[in-house]
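Novice: Before I ask anything, let me first share the structure, which is written out below as structure tokens.
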Amino acid sequence: MNDALIAAAAWGGTNLRLLGNRENAVYEIRLPNGNRAALRLHRQGYQSAAAIRSELWWCGALARAGVAVPEPLPTLQGDVLFTLPNARLASVIEWVEGAPLGEAGVPLSGTPAEQIARHHALGRLIAQVHDVTDTLTLPPDFARPLWDIDGLTGATPFWGRFWEHPALTAPERQILRDARDFLCQTLANHLQNGASIGPIHADLLRENVFVNGNSLSLIDFDDSGIGFRLYDLGTVLSQNLYQPNYADLRDALIAGYSTARPADPRMVEVFTLARTLASVGWTAPRLAPDDPIHRSHIDRAVMWAKRMMA
């Protein structure tokens, strides 16, 4: 809490309330003008100061263009990033009203019609993010991780060598190696066919999509980077693979996106594979060895790899 109190003071923030402590510690604070805001204490050793500044610059540019994302707020001294005495970095963003679209491993709420409508709207919002981003001139010092072919399937993927996860059985290890090869070749072909590359959110899970009545907002750009645009759609679908109406949600998401930008349904599902594989790599260094998420992520990746390579 000491770090949070010190960081909050840089914005004149008070009334701290812990909201979550996963990759980052996130607190609700009250600003001097009475507004609520979200204070983030960034996980040390994950994103550099340059990368966080780039994330904040992008979110600010999107927000000023009318995209439903939170705008970064400056400290009392006018900077968007604050460095604590222990070198941990902190930032504050606007408060986003609403509640998450859902959570991992829990069936989506709402009627099937409501679920479909929200996914169609989410597809349109993702397309707006990509469209507005394409009008921006990125700063020369813009620095974000790469979600390209190497970042997803190279020798050292950004989230780790998923095919070497210690919980994999020998047959599962072979399936994920085959899936890696399949994904690498398919993405290379996609690139040759003119794939859209640029800044992407890269972590559009249900928890990062906020619903407020009929409107949606996107939060948590901590994993954003430069990559394939359709990866954002694939990430959304990765949490829907066990939904009984998966096909309807997939079609609605792609239809919403396609109101503004093209989206090959087959490639969207290939990027769903990319996300399920990356998620296996993500768990290995972050979760306790007995955490059941290891097994659920492996089972999901193996299941989807078999389907996509069939």
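Ligands are numbered from 1 in the order shown, residues from 1 within each chain, and chains are lettered A, B, ... in the order they appear in the structure tokens.
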For Asp223 (chain A), find every residue with an atom within 9 Å (counting only C-alpha atoms), except residues of its own chain fewer than 5 positions away, and show them as an mmCIF file with N, CA and C atoms, in the first residue's frame.

Specialist:
```
data_model
loop_
_atom_site.group_PDB
_atom_site.id
_atom_site.type_symbol
_atom_site.label_atom_id
_atom_site.label_comp_id
_atom_site.auth_asym_id
_atom_site.auth_seq_id
_atom_site.Cartn_x
_atom_site.Cartn_y
_atom_site.Cartn_z
ATOM 1 N N GLN A 47 7.159 -4.207 -18.724
ATOM 2 C CA GLN A 47 7.214 -3.184 -19.762
ATOM 3 C C GLN A 47 8.148 -2.057 -19.318
ATOM 4 N N GLU A 55 2.264 3.174 -24.856
ATOM 5 C CA GLU A 55 0.883 2.720 -24.614
ATOM 6 C C GLU A 55 -0.007 3.902 -24.262
ATOM 7 N N ARG A 144 6.713 -0.774 -28.512
ATOM 8 C CA ARG A 144 5.816 -1.762 -27.923
ATOM 9 C C ARG A 144 6.268 -3.159 -28.352
ATOM 10 N N PRO A 145 5.879 -4.206 -27.608
ATOM 11 C CA PRO A 145 6.255 -5.573 -27.991
ATOM 12 C C PRO A 145 5.731 -5.937 -29.382
ATOM 13 N N ILE A 200 -2.022 -3.156 -31.963
ATOM 14 C CA ILE A 200 -3.209 -3.920 -31.574
ATOM 15 C C ILE A 200 -3.297 -3.957 -30.053
ATOM 16 N N HIS A 201 -4.504 -4.190 -29.545
ATOM 17 C CA HIS A 201 -4.700 -4.313 -28.105
ATOM 18 C C HIS A 201 -4.000 -5.561 -27.590
ATOM 19 N N ALA A 202 -4.204 -6.688 -28.270
ATOM 20 C CA ALA A 202 -3.525 -7.967 -28.029
ATOM 21 C C ALA A 202 -3.987 -8.706 -26.778
ATOM 22 N N ASP A 203 -4.970 -8.164 -26.052
ATOM 23 C CA ASP A 203 -5.435 -8.863 -24.856
ATOM 24 C C ASP A 203 -6.922 -8.612 -24.630
#
```

Novice: Looking only at the backbone, which of the residues in region 173-257 of chain A does DSSP tag as strand (DSSP E), as a list in words?

Specialist: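 DSSP on the backbone gives strand (DSSP E) at Ile197, Gly198, Pro199, Ile200, Val209, Phe210, Val211, Asn212, Ser215, Leu216, Ser217, Leu218, Gly225, Ile226, Gly227 and Phe228 of chain A.
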
Novice: Hey, which of A:Val96, A:Ala195, A:Ile254, A:Ala90 ends up closest to Glu71 (chain A)? Count only C-alpha atoms.

Specialist: A:Val96

Novice: Excluding Trp147 (chain A) and residues on its chain fewer than 2 positions from it, collect all residues at most 8 Å away from it, counting only C-alpha atoms, and give them as number ranges by chain.

Specialist: A: 145, 149-152, 158, 202, 225-228

Novice: Find the residues around region 28-40 of chain A up to 10 Å (only C-alpha atoms counted), leave out those fewer than 6 positions away in its own chain, and share them as a PDB file with N, CA, C and O atoms, in the first residue's frame.

Specialist:
```pdb
ATOM      1  N   ALA A   4       1.376   2.531  -3.415  1.00  0.00           N
ATOM      2  CA  ALA A   4       0.153   3.117  -3.953  1.00  0.00           C
ATOM      3  C   ALA A   4      -0.084   4.511  -3.380  1.00  0.00           C
ATOM      4  O   ALA A   4      -0.483   5.428  -4.100  1.00  0.00           O
ATOM      5  N   LEU A   5       0.166   4.685  -2.086  1.00  0.00           N
ATOM      6  CA  LEU A   5      -0.033   5.995  -1.459  1.00  0.00           C
ATOM      7  C   LEU A   5       0.933   7.027  -2.035  1.00  0.00           C
ATOM      8  O   LEU A   5       0.547   8.169  -2.325  1.00  0.00           O
ATOM      9  N   ALA A   7       2.421   6.898  -4.993  1.00  0.00           N
ATOM     10  CA  ALA A   7       2.062   7.165  -6.387  1.00  0.00           C
ATOM     11  C   ALA A   7       0.814   8.027  -6.476  1.00  0.00           C
ATOM     12  O   ALA A   7       0.763   8.994  -7.242  1.00  0.00           O
ATOM     13  N   ALA A   8      -0.200   7.710  -5.674  1.00  0.00           N
ATOM     14  CA  ALA A   8      -1.448   8.473  -5.726  1.00  0.00           C
ATOM     15  C   ALA A   8      -1.208   9.943  -5.415  1.00  0.00           C
ATOM     16  O   ALA A   8      -1.842  10.829  -6.010  1.00  0.00           O
ATOM     17  N   ALA A   9      -0.289  10.207  -4.504  1.00  0.00           N
ATOM     18  CA  ALA A   9      -0.011  11.592  -4.127  1.00  0.00           C
ATOM     19  C   ALA A   9       0.504  12.412  -5.305  1.00  0.00           C
ATOM     20  O   ALA A   9       0.304  13.627  -5.360  1.00  0.00           O
ATOM     21  N   TRP A  11      -0.662  12.456  -8.152  1.00  0.00           N
ATOM     22  CA  TRP A  11      -1.850  12.968  -8.846  1.00  0.00           C
ATOM     23  C   TRP A  11      -2.796  13.709  -7.890  1.00  0.00           C
ATOM     24  O   TRP A  11      -3.874  14.103  -8.305  1.00  0.00           O
ATOM     25  N   GLY A  12      -2.385  13.821  -6.612  1.00  0.00           N
ATOM     26  CA  GLY A  12      -3.287  14.380  -5.609  1.00  0.00           C
ATOM     27  C   GLY A  12      -4.415  13.443  -5.272  1.00  0.00           C
ATOM     28  O   GLY A  12      -5.480  13.866  -4.815  1.00  0.00           O
ATOM     29  N   GLY A  13      -4.199  12.137  -5.490  1.00  0.00           N
ATOM     30  CA  GLY A  13      -5.244  11.152  -5.315  1.00  0.00           C
ATOM     31  C   GLY A  13      -5.422  10.713  -3.869  1.00  0.00           C
ATOM     32  O   GLY A  13      -4.447  10.632  -3.108  1.00  0.00           O
ATOM     33  N   THR A  14      -6.650  10.398  -3.502  1.00  0.00           N
ATOM     34  CA  THR A  14      -6.980   9.943  -2.155  1.00  0.00           C
ATOM     35  C   THR A  14      -7.986   8.788  -2.246  1.00  0.00           C
ATOM     36  O   THR A  14      -8.390   8.391  -3.342  1.00  0.00           O
ATOM     37  N   ASN A  15      -8.386   8.283  -1.075  1.00  0.00           N
ATOM     38  CA  ASN A  15      -9.429   7.242  -0.985  1.00  0.00           C
ATOM     39  C   ASN A  15      -9.091   6.026  -1.840  1.00  0.00           C
ATOM     40  O   ASN A  15      -9.898   5.576  -2.662  1.00  0.00           O
ATOM     41  N   LEU A  16      -7.915   5.461  -1.649  1.00  0.00           N
ATOM     42  CA  LEU A  16      -7.487   4.320  -2.458  1.00  0.00           C
ATOM     43  C   LEU A  16      -8.295   3.074  -2.137  1.00  0.00           C
ATOM     44  O   LEU A  16      -8.600   2.791  -0.980  1.00  0.00           O
ATOM     45  N   ARG A  17      -8.635   2.328  -3.198  1.00  0.00           N
ATOM     46  CA  ARG A  17      -9.321   1.044  -3.060  1.00  0.00           C
ATOM     47  C   ARG A  17      -8.742   0.076  -4.069  1.00  0.00           C
ATOM     48  O   ARG A  17      -8.779   0.329  -5.278  1.00  0.00           O
ATOM     49  N   LEU A  18      -8.178  -1.026  -3.581  1.00  0.00           N
ATOM     50  CA  LEU A  18      -7.563  -2.009  -4.478  1.00  0.00           C
ATOM     51  C   LEU A  18      -8.636  -2.689  -5.312  1.00  0.00           C
ATOM     52  O   LEU A  18      -9.612  -3.215  -4.791  1.00  0.00           O
ATOM     53  N   LEU A  19      -8.426  -2.693  -6.639  1.00  0.00           N
ATOM     54  CA  LEU A  19      -9.361  -3.338  -7.565  1.00  0.00           C
ATOM     55  C   LEU A  19      -8.849  -4.690  -8.037  1.00  0.00           C
ATOM     56  O   LEU A  19      -9.634  -5.596  -8.318  1.00  0.00           O
ATOM     57  N   GLY A  20      -7.553  -4.829  -8.182  1.00  0.00           N
ATOM     58  CA  GLY A  20      -6.980  -6.081  -8.664  1.00  0.00           C
ATOM     59  C   GLY A  20      -5.471  -6.026  -8.591  1.00  0.00           C
ATOM     60  O   GLY A  20      -4.867  -4.955  -8.628  1.00  0.00           O
ATOM     61  N   ASN A  21      -4.860  -7.195  -8.488  1.00  0.00           N
ATOM     62  CA  ASN A  21      -3.398  -7.252  -8.406  1.00  0.00           C
ATOM     63  C   ASN A  21      -2.926  -8.497  -9.135  1.00  0.00           C
ATOM     64  O   ASN A  21      -2.642  -9.528  -8.542  1.00  0.00           O
ATOM     65  N   PRO A  70      -9.938   4.533 -22.117  1.00  0.00           N
ATOM     66  CA  PRO A  70      -9.625   5.536 -21.105  1.00  0.00           C
ATOM     67  C   PRO A  70      -8.415   6.383 -21.486  1.00  0.00           C
ATOM     68  O   PRO A  70      -7.405   5.861 -21.961  1.00  0.00           O
ATOM     69  N   PRO A  72      -5.170   8.662 -20.575  1.00  0.00           N
ATOM     70  CA  PRO A  72      -4.228   8.825 -19.462  1.00  0.00           C
ATOM     71  C   PRO A  72      -4.319  10.236 -18.885  1.00  0.00           C
ATOM     72  O   PRO A  72      -4.570  11.195 -19.608  1.00  0.00           O
ATOM     73  N   LEU A  73      -4.095  10.340 -17.577  1.00  0.00           N
ATOM     74  CA  LEU A  73      -4.188  11.623 -16.887  1.00  0.00           C
ATOM     75  C   LEU A  73      -2.812  12.009 -16.344  1.00  0.00           C
ATOM     76  O   LEU A  73      -2.096  11.168 -15.788  1.00  0.00           O
ATOM     77  N   LEU A  76       0.340  15.953 -11.076  1.00  0.00           N
ATOM     78  CA  LEU A  76       0.278  17.379 -10.747  1.00  0.00           C
ATOM     79  C   LEU A  76       1.420  18.144 -11.402  1.00  0.00           C
ATOM     80  O   LEU A  76       1.325  19.357 -11.621  1.00  0.00           O
ATOM     81  N   LEU A  89       7.006   1.895 -11.728  1.00  0.00           N
ATOM     82  CA  LEU A  89       6.342   2.937 -12.505  1.00  0.00           C
ATOM     83  C   LEU A  89       4.845   2.941 -12.229  1.00  0.00           C
ATOM     84  O   LEU A  89       4.243   1.893 -11.986  1.00  0.00           O
ATOM     85  N   ALA A  90       4.267   4.129 -12.279  1.00  0.00           N
ATOM     86  CA  ALA A  90       2.834   4.283 -12.016  1.00  0.00           C
ATOM     87  C   ALA A  90       2.220   5.200 -13.055  1.00  0.00           C
ATOM     88  O   ALA A  90       2.865   6.128 -13.556  1.00  0.00           O
ATOM     89  N   SER A  91       0.961   4.937 -13.377  1.00  0.00           N
ATOM     90  CA  SER A  91       0.202   5.804 -14.270  1.00  0.00           C
ATOM     91  C   SER A  91      -1.238   5.838 -13.796  1.00  0.00           C
ATOM     92  O   SER A  91      -1.678   4.973 -13.030  1.00  0.00           O
ATOM     93  N   VAL A  92      -1.973   6.843 -14.255  1.00  0.00           N
ATOM     94  CA  VAL A  92      -3.380   6.990 -13.904  1.00  0.00           C
ATOM     95  C   VAL A  92      -4.170   7.206 -15.184  1.00  0.00           C
ATOM     96  O   VAL A  92      -3.750   7.969 -16.069  1.00  0.00           O
ATOM     97  N   ILE A  93      -5.301   6.519 -15.292  1.00  0.00           N
ATOM     98  CA  ILE A  93      -6.167   6.655 -16.457  1.00  0.00           C
ATOM     99  C   ILE A  93      -7.581   7.003 -15.999  1.00  0.00           C
ATOM    100  O   ILE A  93      -7.942   6.787 -14.838  1.00  0.00           O
ATOM    101  N   GLU A  94      -8.347   7.529 -16.933  1.00  0.00           N
ATOM    102  CA  GLU A  94      -9.735   7.872 -16.643  1.00  0.00           C
ATOM    103  C   GLU A  94     -10.510   6.654 -16.140  1.00  0.00           C
ATOM    104  O   GLU A  94     -10.224   5.523 -16.514  1.00  0.00           O
ATOM    105  N   TRP A  95     -11.514   6.933 -15.326  1.00  0.00           N
ATOM    106  CA  TRP A  95     -12.401   5.879 -14.841  1.00  0.00           C
ATOM    107  C   TRP A  95     -13.348   5.451 -15.963  1.00  0.00           C
ATOM    108  O   TRP A  95     -13.857   6.285 -16.703  1.00  0.00           O
ATOM    109  N   VAL A  96     -13.551   4.159 -16.102  1.00  0.00           N
ATOM    110  CA  VAL A  96     -14.465   3.620 -17.109  1.00  0.00           C
ATOM    111  C   VAL A  96     -15.672   3.037 -16.390  1.00  0.00           C
ATOM    112  O   VAL A  96     -15.535   2.127 -15.553  1.00  0.00           O
ATOM    113  N   GLU A  97     -16.831   3.552 -16.688  1.00  0.00           N
ATOM    114  CA  GLU A  97     -18.062   3.054 -16.081  1.00  0.00           C
ATOM    115  C   GLU A  97     -18.470   1.728 -16.723  1.00  0.00           C
ATOM    116  O   GLU A  97     -18.185   1.470 -17.885  1.00  0.00           O
ATOM    117  N   ASP A 220      -7.192  -1.761 -20.297  1.00  0.00           N
ATOM    118  CA  ASP A 220      -5.999  -2.590 -20.090  1.00  0.00           C
ATOM    119  C   ASP A 220      -5.234  -2.860 -21.387  1.00  0.00           C
ATOM    120  O   ASP A 220      -5.268  -3.960 -21.947  1.00  0.00           O
TER     121      ASP A 220
END
```

Novice: Please provide as an MDAnalysis selection string all residues within 9 Å of Trp282 (chain A), with the sequence filter that same-chain residues fewer than 5 positions apart are discarded (counting only C-alpha atoms).

Specialist: chainID A and resid 158:162 277 287

Novice: Which residues, written as number ranges by chain, have at least one atom at most 10 Å from region 236-246 of chain A, with only C-alpha atoms counted and residues fewer than 6 positions away on the same chain left out?

Specialist: A: 102-108, 112, 115-116, 119, 122-123, 202-206, 208-209, 252-253, 268-269, 271-276, 279, 300-301, 303-304

Novice: Could you name the residues that touch Ala167 (chain A) at 12 Å or less, counting only C-alpha atoms, but leaving out those on the same chain fewer than 3 positions away, as a ChimeraX atom specification?

Specialist: /A:162-164,170-173,280-281,283-284,288-299

Novice: Write out, as a short mmCIF file (atom, residue, chain, number, x, y, z; two decimals), in the first residue's frame, the residues just selected, with N, CA, C and O atoms.

Specialist:
```
data_model
loop_
_atom_site.label_atom_id
_atom_site.label_comp_id
_atom_site.auth_asym_id
_atom_site.auth_seq_id
_atom_site.Cartn_x
_atom_site.Cartn_y
_atom_site.Cartn_z
N PHE A 162 5.70 -22.11 -25.55
CA PHE A 162 4.52 -22.86 -25.11
C PHE A 162 4.67 -24.35 -25.31
O PHE A 162 4.10 -25.16 -24.57
N TRP A 163 5.42 -24.78 -26.32
CA TRP A 163 5.58 -26.19 -26.62
C TRP A 163 6.50 -26.89 -25.61
O TRP A 163 6.66 -28.11 -25.66
N GLU A 164 7.08 -26.13 -24.69
CA GLU A 164 7.94 -26.72 -23.66
C GLU A 164 7.32 -26.61 -22.27
O GLU A 164 8.01 -26.79 -21.26
N ALA A 170 3.88 -36.13 -23.52
CA ALA A 170 4.65 -36.26 -24.76
C ALA A 170 3.77 -36.07 -25.99
O ALA A 170 4.14 -35.34 -26.92
N PRO A 171 2.59 -36.69 -26.06
CA PRO A 171 1.72 -36.47 -27.22
C PRO A 171 1.28 -35.00 -27.35
O PRO A 171 1.22 -34.47 -28.46
N GLU A 172 0.96 -34.38 -26.22
CA GLU A 172 0.56 -32.97 -26.26
C GLU A 172 1.70 -32.08 -26.73
O GLU A 172 1.48 -31.14 -27.51
N ARG A 173 2.89 -32.39 -26.30
CA ARG A 173 4.06 -31.60 -26.72
C ARG A 173 4.22 -31.67 -28.23
O ARG A 173 4.50 -30.66 -28.88
N VAL A 280 -0.77 -20.73 -23.18
CA VAL A 280 -0.05 -21.82 -22.52
C VAL A 280 1.33 -21.32 -22.10
O VAL A 280 1.79 -21.60 -20.97
N GLY A 281 1.99 -20.58 -22.98
CA GLY A 281 3.29 -20.02 -22.62
C GLY A 281 3.20 -19.03 -21.48
O GLY A 281 4.11 -18.93 -20.64
N THR A 283 1.20 -19.03 -18.90
CA THR A 283 0.96 -19.61 -17.57
C THR A 283 2.24 -20.11 -16.91
O THR A 283 2.38 -20.01 -15.69
N ALA A 284 3.17 -20.65 -17.71
CA ALA A 284 4.30 -21.39 -17.14
C ALA A 284 5.09 -20.58 -16.10
O ALA A 284 5.32 -21.07 -15.00
N ALA A 288 1.41 -20.86 -10.02
CA ALA A 288 1.94 -21.96 -9.21
C ALA A 288 1.79 -23.28 -9.98
O ALA A 288 0.84 -23.45 -10.75
N PRO A 289 2.72 -24.21 -9.78
CA PRO A 289 2.67 -25.46 -10.55
C PRO A 289 1.36 -26.23 -10.43
O PRO A 289 0.98 -26.95 -11.35
N ASP A 290 0.67 -26.09 -9.28
CA ASP A 290 -0.57 -26.83 -9.10
C ASP A 290 -1.82 -26.03 -9.50
O ASP A 290 -2.94 -26.48 -9.26
N ASP A 291 -1.64 -24.88 -10.12
CA ASP A 291 -2.79 -24.08 -10.53
C ASP A 291 -3.53 -24.80 -11.65
O ASP A 291 -2.94 -25.19 -12.66
N PRO A 292 -4.85 -25.00 -11.52
CA PRO A 292 -5.59 -25.74 -12.55
C PRO A 292 -5.65 -25.04 -13.90
O PRO A 292 -6.00 -25.66 -14.91
N ILE A 293 -5.31 -23.75 -13.94
CA ILE A 293 -5.34 -23.03 -15.21
C ILE A 293 -4.32 -23.61 -16.19
O ILE A 293 -4.52 -23.59 -17.41
N HIS A 294 -3.21 -24.15 -15.68
CA HIS A 294 -2.24 -24.79 -16.58
C HIS A 294 -2.94 -25.85 -17.43
O HIS A 294 -2.83 -25.85 -18.65
N ARG A 295 -3.66 -26.74 -16.76
CA ARG A 295 -4.28 -27.85 -17.47
C ARG A 295 -5.41 -27.37 -18.38
O ARG A 295 -5.54 -27.84 -19.51
N SER A 296 -6.22 -26.42 -17.91
CA SER A 296 -7.33 -25.97 -18.75
C SER A 296 -6.81 -25.26 -20.00
O SER A 296 -7.37 -25.44 -21.10
N HIS A 297 -5.73 -24.48 -19.87
CA HIS A 297 -5.17 -23.81 -21.05
C HIS A 297 -4.55 -24.81 -22.02
O HIS A 297 -4.65 -24.66 -23.23
N ILE A 298 -3.87 -25.84 -21.48
CA ILE A 298 -3.28 -26.86 -22.34
C ILE A 298 -4.37 -27.63 -23.07
O ILE A 298 -4.29 -27.84 -24.29
N ASP A 299 -5.41 -28.04 -22.35
CA ASP A 299 -6.49 -28.78 -22.98
C ASP A 299 -7.15 -27.97 -24.09
O ASP A 299 -7.46 -28.50 -25.17
#
```

Novice: For the helix (DSSP H, G or I) assignment from backbone DSSP, which residues of region 154-302 of chain A qualify? Please present them as JSON, numbers by chain.

Specialist: {"A": [162, 163, 164, 170, 171, 172, 173, 174, 175, 176, 177, 178, 179, 180, 181, 182, 183, 184, 185, 186, 187, 188, 189, 190, 191, 192, 206, 207, 208, 230, 231, 232, 233, 234, 235, 236, 237, 238, 246, 247, 248, 249, 250, 251, 252, 253, 254, 255, 256, 257, 258, 265, 266, 267, 268, 269, 270, 271, 272, 273, 274, 275, 276, 277, 278, 279, 280, 281, 282, 283, 284, 285, 286, 292, 293, 294, 295, 296, 297, 298, 299, 300, 301, 302]}

Novice: Find the residue from A:Arg124, A:Arg177, A:Arg88, A:Arg43 that sits nearest to Lys306 (chain A); use only C-alpha atoms when measuring.

Specialist: A:Arg177

Novice: CA of Val302 (chain A) and CA of Ala188 (chain A), how far apart in Å?

Specialist: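 Calculated distance between CA of Ala188 (chain A) and CA of Val302 (chain A) is 21.8 Å.
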
Novice: Taking into account only C-alpha atoms, which residue in the set A:Ala49, A:Leu56, A:Leu230, A:Ala10 is nearest to Leu191 (chain A)?

Specialist: A:Leu230

Novice: Closest to Met267 (chain A) among A:Asn86, A:Thr156, A:Thr186, A:Ser224, using only C-alpha atoms?

Specialist: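 Nearest candidate to Met267 (chain A) out of A:Asn86, A:Thr156, A:Thr186, A:Ser224: A:Thr186.
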
Novice: Suppose you want the space between CA of Arg286 (chain A) and CA of Gly198 (chain A); what is it in Å?

Specialist: 27.5 Å

Novice: For the atom pair CA of His120 (chain A) and CA of Asp248 (chain A), what is the interatomic distance in Å to one decimal place?

Specialist: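 Interatomic distance, CA of His120 (chain A) to CA of Asp248 (chain A): 10.1 Å.
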